[in-house]
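> Sending over query22.txt (compact mmCIF, C-alpha atoms).
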```txt
# COMPACT_ATOMS: atom_id res chain seq x y z
CA MET U 25 16.52 9.28 46.75
CA PRO U 26 14.84 11.68 49.25
CA VAL U 27 12.09 10.23 51.42
CA GLY U 28 9.61 12.87 50.24
CA MET U 29 10.12 11.91 46.60
CA ILE U 30 9.60 8.22 47.42
CA GLU U 31 6.37 9.09 49.20
CA ARG U 32 5.13 11.13 46.23
CA VAL U 33 5.94 8.33 43.79
CA GLY U 34 4.17 5.80 46.00
CA ARG U 35 1.16 8.06 46.47
CA ASN U 36 0.87 8.77 42.74
CA THR U 37 1.17 5.05 41.98
CA ASN U 38 -1.58 4.21 44.46
CA ASN U 39 -3.82 6.93 43.05
CA THR U 40 -3.25 5.71 39.51
CA LEU U 41 -4.05 2.12 40.43
CA ALA U 42 -7.14 3.21 42.34
CA ALA U 43 -8.34 5.29 39.38
CA PHE U 44 -7.77 2.34 37.04
CA GLY U 45 -9.77 0.11 39.37
CA ASP U 46 -12.61 2.64 39.44
CA PHE U 47 -12.52 2.79 35.64
CA CYS U 48 -12.76 -1.02 35.40
CA VAL U 49 -15.80 -0.98 37.70
CA PHE U 50 -17.29 1.79 35.55
CA VAL U 51 -16.74 -0.29 32.40
CA ALA U 52 -18.27 -3.40 33.97
CA ARG U 53 -21.37 -1.51 35.10
CA THR U 54 -21.76 0.01 31.64
CA ILE U 55 -21.57 -3.38 29.92
CA LEU U 56 -24.06 -4.92 32.35
CA TRP U 57 -26.63 -2.22 31.58
CA ILE U 58 -26.34 -2.52 27.77
CA PRO U 59 -29.12 -5.15 27.29
CA THR U 60 -31.68 -2.82 28.90
CA LEU U 61 -31.05 -0.19 26.20
CA PHE U 62 -32.58 -2.33 23.45
CA ARG U 63 -36.04 -2.30 24.94
CA TRP U 64 -38.36 -0.21 22.82
CA LYS U 65 -39.04 2.41 25.51
CA ASN U 66 -35.30 2.94 26.06
CA LEU U 67 -34.30 3.34 22.40
CA ARG U 68 -35.37 6.99 22.57
CA LEU U 69 -32.22 7.56 24.62
CA LEU U 70 -30.03 6.17 21.83
CA PHE U 71 -31.23 8.06 18.76
CA PRO U 72 -30.16 11.58 19.86
CA GLN U 73 -26.69 10.27 20.67
CA MET U 74 -26.45 8.53 17.29
CA TYR U 75 -27.29 11.83 15.63
CA GLU U 76 -24.66 13.65 17.68
CA VAL U 77 -21.93 11.06 17.13
CA GLY U 78 -22.75 10.15 13.54
CA VAL U 79 -24.45 12.88 11.55
CA ARG U 80 -22.68 15.85 13.10
CA SER U 81 -19.27 14.20 12.68
CA VAL U 82 -19.64 13.63 8.93
CA PRO U 83 -18.06 16.94 7.76
CA VAL U 84 -14.99 16.50 9.97
CA ILE U 85 -14.49 12.89 8.90
CA ALA U 86 -15.03 13.77 5.23
CA VAL U 87 -12.39 16.50 5.19
CA THR U 88 -9.89 14.38 7.14
CA GLY U 89 -10.31 11.28 4.99
CA ALA U 90 -10.17 13.06 1.64
CA PHE U 91 -7.07 15.12 2.38
CA ILE U 92 -5.19 12.19 3.89
CA GLY U 93 -5.58 10.31 0.60
CA MET U 94 -4.43 13.37 -1.33
CA VAL U 95 -1.39 13.91 0.88
CA LEU U 96 -0.37 10.25 0.55
CA ALA U 97 -0.57 10.55 -3.24
CA ILE U 98 1.58 13.68 -3.35
CA GLU U 99 4.22 12.36 -0.95
CA SER U 100 4.46 8.88 -2.50
CA HIS U 101 4.45 9.79 -6.17
CA THR U 102 8.00 11.15 -6.36
CA THR U 103 9.52 8.08 -4.71
CA PHE U 104 7.54 5.64 -6.84
CA LYS U 105 8.32 7.55 -10.04
CA THR U 106 12.05 7.53 -9.21
CA ILE U 107 12.10 3.72 -9.28
CA GLY U 108 9.68 3.49 -12.20
CA GLN U 109 6.80 2.07 -10.19
CA GLU U 110 4.29 4.91 -10.28
CA TYR U 111 1.74 2.44 -11.69
CA ARG U 112 1.67 0.79 -8.25
CA LEU U 113 0.90 4.02 -6.45
CA GLY U 114 -2.68 3.00 -5.80
CA SER U 115 -1.66 -0.09 -3.87
CA ILE U 116 0.27 1.77 -1.17
CA ILE U 117 -2.25 4.63 -0.91
CA ASN U 118 -5.36 2.49 -0.62
CA LEU U 119 -3.76 -0.13 1.62
CA SER U 120 -2.50 2.56 4.00
CA VAL U 121 -5.88 4.27 4.08
CA VAL U 122 -8.14 1.28 4.72
CA LYS U 123 -5.79 -0.62 7.04
CA GLN U 124 -4.15 1.97 9.27
CA ILE U 125 -4.46 5.68 8.59
CA GLY U 126 -8.20 5.81 7.91
CA PRO U 127 -9.39 4.06 11.10
CA VAL U 128 -6.83 5.75 13.35
CA LEU U 129 -7.37 9.30 12.11
CA ALA U 130 -11.15 8.90 12.06
CA ALA U 131 -10.99 7.74 15.70
CA VAL U 132 -8.67 10.59 16.68
CA MET U 133 -11.00 13.16 15.11
CA LEU U 134 -13.94 11.60 16.93
CA ALA U 135 -11.98 11.64 20.19
CA GLY U 136 -11.46 15.37 19.74
CA ARG U 137 -15.00 16.23 18.67
CA ILE U 138 -17.23 13.66 20.38
CA GLY U 139 -14.98 12.81 23.32
CA GLY U 140 -14.64 16.42 24.39
CA ALA U 141 -18.36 17.05 23.98
CA LEU U 142 -19.34 13.99 26.03
CA THR U 143 -16.91 14.86 28.80
CA ALA U 144 -18.04 18.47 28.94
CA GLU U 145 -21.72 17.53 28.97
CA LEU U 146 -21.45 14.89 31.69
CA GLY U 147 -18.89 16.93 33.62
CA THR U 148 -21.26 19.89 33.75
CA MET U 149 -24.02 17.58 34.98
CA ASN U 150 -21.66 16.28 37.63
CA VAL U 151 -20.60 19.75 38.78
CA THR U 152 -24.22 20.99 38.95
CA GLU U 153 -25.18 17.85 40.93
CA GLN U 154 -27.60 16.55 38.31
CA LEU U 155 -26.00 13.09 38.58
CA ASP U 156 -26.69 13.10 42.32
CA ALA U 157 -30.29 14.10 41.61
CA LEU U 158 -30.69 11.05 39.35
CA ARG U 159 -29.33 8.79 42.08
CA VAL U 160 -31.71 10.30 44.64
CA MET U 161 -34.64 9.55 42.32
CA GLY U 162 -33.54 5.93 42.09
CA ALA U 163 -32.20 6.12 38.52
CA ASP U 164 -28.73 4.86 37.67
CA PRO U 165 -26.82 7.63 35.78
CA ILE U 166 -24.72 5.02 34.00
CA ARG U 167 -27.83 3.36 32.61
CA TYR U 168 -29.48 6.55 31.37
CA LEU U 169 -26.47 8.67 30.44
CA VAL U 170 -23.45 6.47 29.71
CA VAL U 171 -24.87 3.41 27.97
CA PRO U 172 -26.59 5.31 25.10
CA ARG U 173 -23.44 7.33 24.44
CA PHE U 174 -21.19 4.28 24.58
CA VAL U 175 -23.40 2.24 22.24
CA ALA U 176 -23.66 5.15 19.79
CA CYS U 177 -19.85 5.41 19.66
CA VAL U 178 -19.46 1.66 19.12
CA LEU U 179 -22.09 1.49 16.37
CA LEU U 180 -21.20 4.60 14.41
CA THR U 181 -17.41 4.73 14.57
CA PRO U 182 -17.09 1.83 12.05
CA ILE U 183 -19.58 3.53 9.71
CA LEU U 184 -17.69 6.79 9.89
CA THR U 185 -14.45 4.88 9.33
CA ILE U 186 -15.84 3.33 6.14
CA TYR U 187 -16.87 6.79 5.00
CA SER U 188 -13.40 8.15 5.78
CA ASP U 189 -11.76 5.26 3.91
CA LEU U 190 -13.97 5.82 0.87
CA LEU U 191 -13.13 9.50 0.67
CA GLY U 192 -9.44 8.76 1.25
CA VAL U 193 -9.43 6.32 -1.66
CA ILE U 194 -11.23 8.83 -3.89
CA GLY U 195 -8.88 11.63 -2.84
CA GLY U 196 -5.80 9.52 -3.58
CA TRP U 197 -7.18 8.52 -6.98
CA LEU U 198 -8.09 12.10 -7.85
CA ILE U 199 -4.58 13.43 -7.22
CA SER U 200 -2.74 10.43 -8.67
CA VAL U 201 -4.72 10.01 -11.89
CA LYS U 202 -6.12 13.44 -12.65
CA PHE U 203 -3.20 15.63 -11.53
CA LEU U 204 -0.07 13.44 -11.45
CA GLY U 205 -0.80 11.54 -14.66
CA VAL U 206 -0.81 7.96 -13.33
CA PRO U 207 -2.76 5.72 -15.77
CA ASP U 208 -6.19 4.86 -14.47
CA ALA U 209 -6.34 1.12 -15.28
CA PRO U 210 -2.99 0.12 -13.66
CA TYR U 211 -3.81 2.28 -10.64
CA TRP U 212 -6.95 0.29 -9.86
CA TYR U 213 -5.44 -3.04 -10.93
CA TYR U 214 -2.58 -2.85 -8.43
CA SER U 215 -4.94 -1.46 -5.80
CA ALA U 216 -7.11 -4.55 -6.17
CA GLN U 217 -4.02 -6.75 -5.91
CA ALA U 218 -2.89 -5.13 -2.65
CA VAL U 219 -6.20 -4.60 -0.85
CA ASP U 220 -8.42 -7.58 -0.17
CA ASN U 221 -11.45 -8.02 2.05
CA TYR U 222 -9.33 -8.92 5.06
CA GLN U 223 -7.55 -5.54 5.09
CA ILE U 224 -10.88 -3.72 4.95
CA PHE U 225 -12.27 -5.98 7.68
CA GLU U 226 -9.18 -5.30 9.82
CA GLY U 227 -9.71 -1.55 9.79
CA ILE U 228 -13.41 -1.89 10.61
CA VAL U 229 -12.78 -4.27 13.52
CA LYS U 230 -10.23 -1.90 15.03
CA SER U 231 -12.59 1.04 14.69
CA ILE U 232 -15.24 -0.74 16.81
CA PHE U 233 -12.83 -0.92 19.74
CA PHE U 234 -11.60 2.63 19.10
CA GLY U 235 -15.19 3.86 19.39
CA GLY U 236 -15.75 1.89 22.58
CA ALA U 237 -12.60 3.33 24.13
CA ILE U 238 -13.60 6.88 23.21
CA GLY U 239 -17.08 6.46 24.70
CA LEU U 240 -15.94 4.85 27.95
CA ILE U 241 -13.02 7.16 28.64
CA SER U 242 -14.99 10.31 27.82
CA CYS U 243 -17.94 9.36 30.01
CA TYR U 244 -15.70 8.27 32.88
CA LYS U 245 -13.78 11.55 32.82
CA GLY U 246 -17.06 13.45 32.84
CA PHE U 247 -18.34 11.47 35.82
CA THR U 248 -15.13 12.02 37.80
CA CYS U 249 -14.24 15.60 36.85
CA GLY U 250 -13.20 18.15 39.45
CA ALA U 251 -15.33 20.99 40.75
CA GLY U 252 -15.97 24.14 38.78
CA ALA U 253 -15.29 25.19 35.21
CA SER U 254 -11.57 24.45 35.59
CA GLY U 255 -12.36 20.86 36.59
CA VAL U 256 -14.54 20.35 33.53
CA GLY U 257 -11.92 21.87 31.24
CA ARG U 258 -9.18 19.72 32.73
CA ALA U 259 -11.37 16.62 32.33
CA CYS U 260 -11.93 17.43 28.63
CA THR U 261 -8.19 17.70 28.04
CA GLU U 262 -7.50 14.46 29.91
CA SER U 263 -10.30 12.76 27.99
CA PHE U 264 -8.76 13.55 24.60
CA VAL U 265 -5.23 12.67 25.69
CA MET U 266 -6.25 9.34 27.24
CA SER U 267 -8.47 8.47 24.27
CA PHE U 268 -5.62 9.19 21.86
CA ILE U 269 -3.21 7.05 23.89
CA ALA U 270 -5.79 4.24 24.06
CA ILE U 271 -6.29 4.38 20.28
CA ILE U 272 -2.55 4.14 19.60
CA ILE U 273 -2.07 1.26 22.05
CA LEU U 274 -5.10 -0.65 20.75
CA ASN U 275 -3.92 -0.11 17.17
CA PHE U 276 -0.55 -1.68 18.02
CA PHE U 277 -2.01 -4.79 19.65
CA PHE U 278 -4.69 -5.29 17.01
CA ALA U 279 -2.14 -4.84 14.21
CA GLN U 280 -0.03 -7.65 15.68
CA MET U 281 -2.96 -9.92 16.47
CA LEU U 282 -4.70 -9.51 13.12
CA LYS U 283 -1.42 -10.01 11.27
CA GLU U 284 -0.91 -13.33 13.05
CA ILE U 285 -4.47 -14.36 12.18
CA TYR U 286 -3.84 -13.42 8.53
CA ILE U 287 -0.68 -15.53 8.43
CA ALA U 288 -2.47 -18.46 10.04
CA VAL U 289 -5.34 -18.31 7.55
CA TYR U 290 -3.73 -17.22 4.29
CA GLY U 291 -0.04 -17.93 4.80
CA ILE U 292 2.93 -15.59 4.91
CA LYS U 293 3.06 -15.14 1.14
CA GLY U 294 -0.21 -13.21 1.22
CA ILE U 295 1.47 -10.35 3.02
CA PHE U 296 3.91 -9.48 0.24
```
Show this structure as structure tokens.


Amino acid sequence: MPVGMIERVGRNTNNTLAAFGDFCVFVARTILWIPTLFRWKNLRLLFPQMYEVGVRSVPVIAVTGAFIGMVLAIESHTTFKTIGQEYRLGSIINLSVVKQIGPVLAAVMLAGRIGGALTAELGTMNVTEQLDALRVMGADPIRYLVVPRFVACVLLTPILTIYSDLLGVIGGWLISVKFLGVPDAPYWYYSAQAVDNYQIFEGIVKSIFFGGAIGLISCYKGFTCGAGASGVGRACTESFVMSFIAIIILNFFFAQMLKEIYIAVYGIKGIF
């Protein structure tokens, strides 16, 4: 291997480790400032971010959730009908929506809409030296800019996930029962057999961490973006890509961990 290539690999590895260390420091500082947000005079910083993250994301989440349930119904019906089990269609649709697809797709849509917006906003403030101005005035930018956005993502991502799940369930039922002719009573009976409170709880728990990852990664990329419009644009792209990767990785580890907890509490027979 050429010496130059070894040097580049080593340099890139060092830069990656240094960036990860900076991100860990950024996360620690954000968490340490969270208690100060819940003082009455500081709550005014939270409400605009909750509106931006929550209210303005409702149409995107609604369309995504509803059509995912519909697509699952269309794609699953033929296979289930072939083996004479179309009555159980509701179980696979609703279990897939509330446990995996609903939380993950809701988080991905938020990473694209909210993550990009947060990175662009903070990146522009960084490029125009507004963050430096806050530091000169003795104010911590993480306290006033990052913490409200992070808390809003953590609080509202589970609520949006529940909304997405609800519309996914309704969309799956609408296509299965009203268009594909699956009987209504067996559809809901087998859905109730397959989906219990633990599966719903699992999706909500994962969505909390998805929201936290989106908020932290987006704000960090905004704080560390390069100079100029190209730097902000590159930071927005990196923000979405890294948020998406974080969501997929977190989903894997939480799926394994929560499955083990389910087996420990309910036994292996509860899975089938």

> Tell me which protein, DNA and RNA residues are within 6 Å of region 141-151 of chain U, counting all atoms listed in the file, leaving out same-chain ones fewer than 5 positions away, and put them as a ChimeraX atom specification.

/U:242-243,246-247,249,251,256,260

> Select, from U:Ala288, U:Leu155, U:Leu184, U:Met266, the residue with the minimum atom-to-atom distance to Leu169 (chain U), counting all atoms listed in the file.

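Closest candidate: U:Leu155.
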
> Figure out the distance between CA of Thr185 (chain U) and CA of Val49 (chain U), please, to one decimal in Å.

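Computing it gives 29.0 Å between the two atoms.
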
> Between U:Val175, U:Leu67, U:Ala270, U:Ala42, which has the minimum distance to Ala131 (chain U) (counting all atoms listed in the file)?

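Under the stated criterion, the closest residue is U:Ala270.
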
> From the list U:Ile285, U:Val171, U:Ala43, U:Ala259, which residue is nearest Leu61 (chain U) when using only C-alpha atoms?

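Among the listed residues, U:Val171 lies closest to Leu61 (chain U).
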
> With all atoms listed in the file as the counted atoms, please give the residues lying no more than 9 Å from Ala279 (chain U), apart from itself and same-chain residues fewer than 5 positions off, as a PyMOL selection string.

chain U and resi 124+226+230+274+284

> Name all residues at most 8 Å from Thr54 (chain U) (count all atoms listed in the file; drop same-chain ones fewer than 2 positions away) and give them as an NGL selection string.

:U and (50-52 or 56-58 or 166-167 or 170-171)

> Quick one: distance from CA of Gly291 (chain U) to CA of Asn221 (chain U) in Å, one decimal?

15.4 Å

> Please determine, counting all atoms listed in the file, which residue among U:Ala216, U:Ile30, U:Cys177, U:Leu198 has the shortest atom-to-atom distance to Arg137 (chain U).

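Ranking U:Ala216, U:Ile30, U:Cys177, U:Leu198 by distance to Arg137 (chain U), first place goes to U:Cys177.
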
> Taking all atoms listed in the file into account, name the residue in U:Gly235, U:Gly252, U:Ala218, U:Tyr75 that is nearest to Val121 (chain U).

U:Ala218

> Would you compute the distance between CA of Ala176 (chain U) and CA of Phe71 (chain U)? Give it in Å to one decimal.

8.2 Å

> Could you check which of U:Ser231, U:Ser100, U:Thr261, U:Thr37 is closest to Gly114 (chain U), using all atoms listed in the file?

U:Ser100

> Work out where the centre of an axis-aligned box around every listed atom of region 40-58 of chain U lies and how long its edges are once 4 Å is added on each side; give both in Å to one decimal as lines of an AutoDock Vina configuration file.


```
center_x = -14.9
center_y = 0.4
center_z = 35.1
size_x = 31.4
size_y = 18.6
size_z = 22.6
```

> Residues near region 209-213 of chain U, anyone? I mean within 9 Å using only C-alpha atoms, not counting same-chain ones fewer than 2 positions away, as a list in words.

Glu110, Tyr111, Arg112, Leu113, Gly114, Ser115, Trp197, Ser200, Val201, Val206, Pro207, Ser215, Ala216, Gln217 and Ala218 of chain U
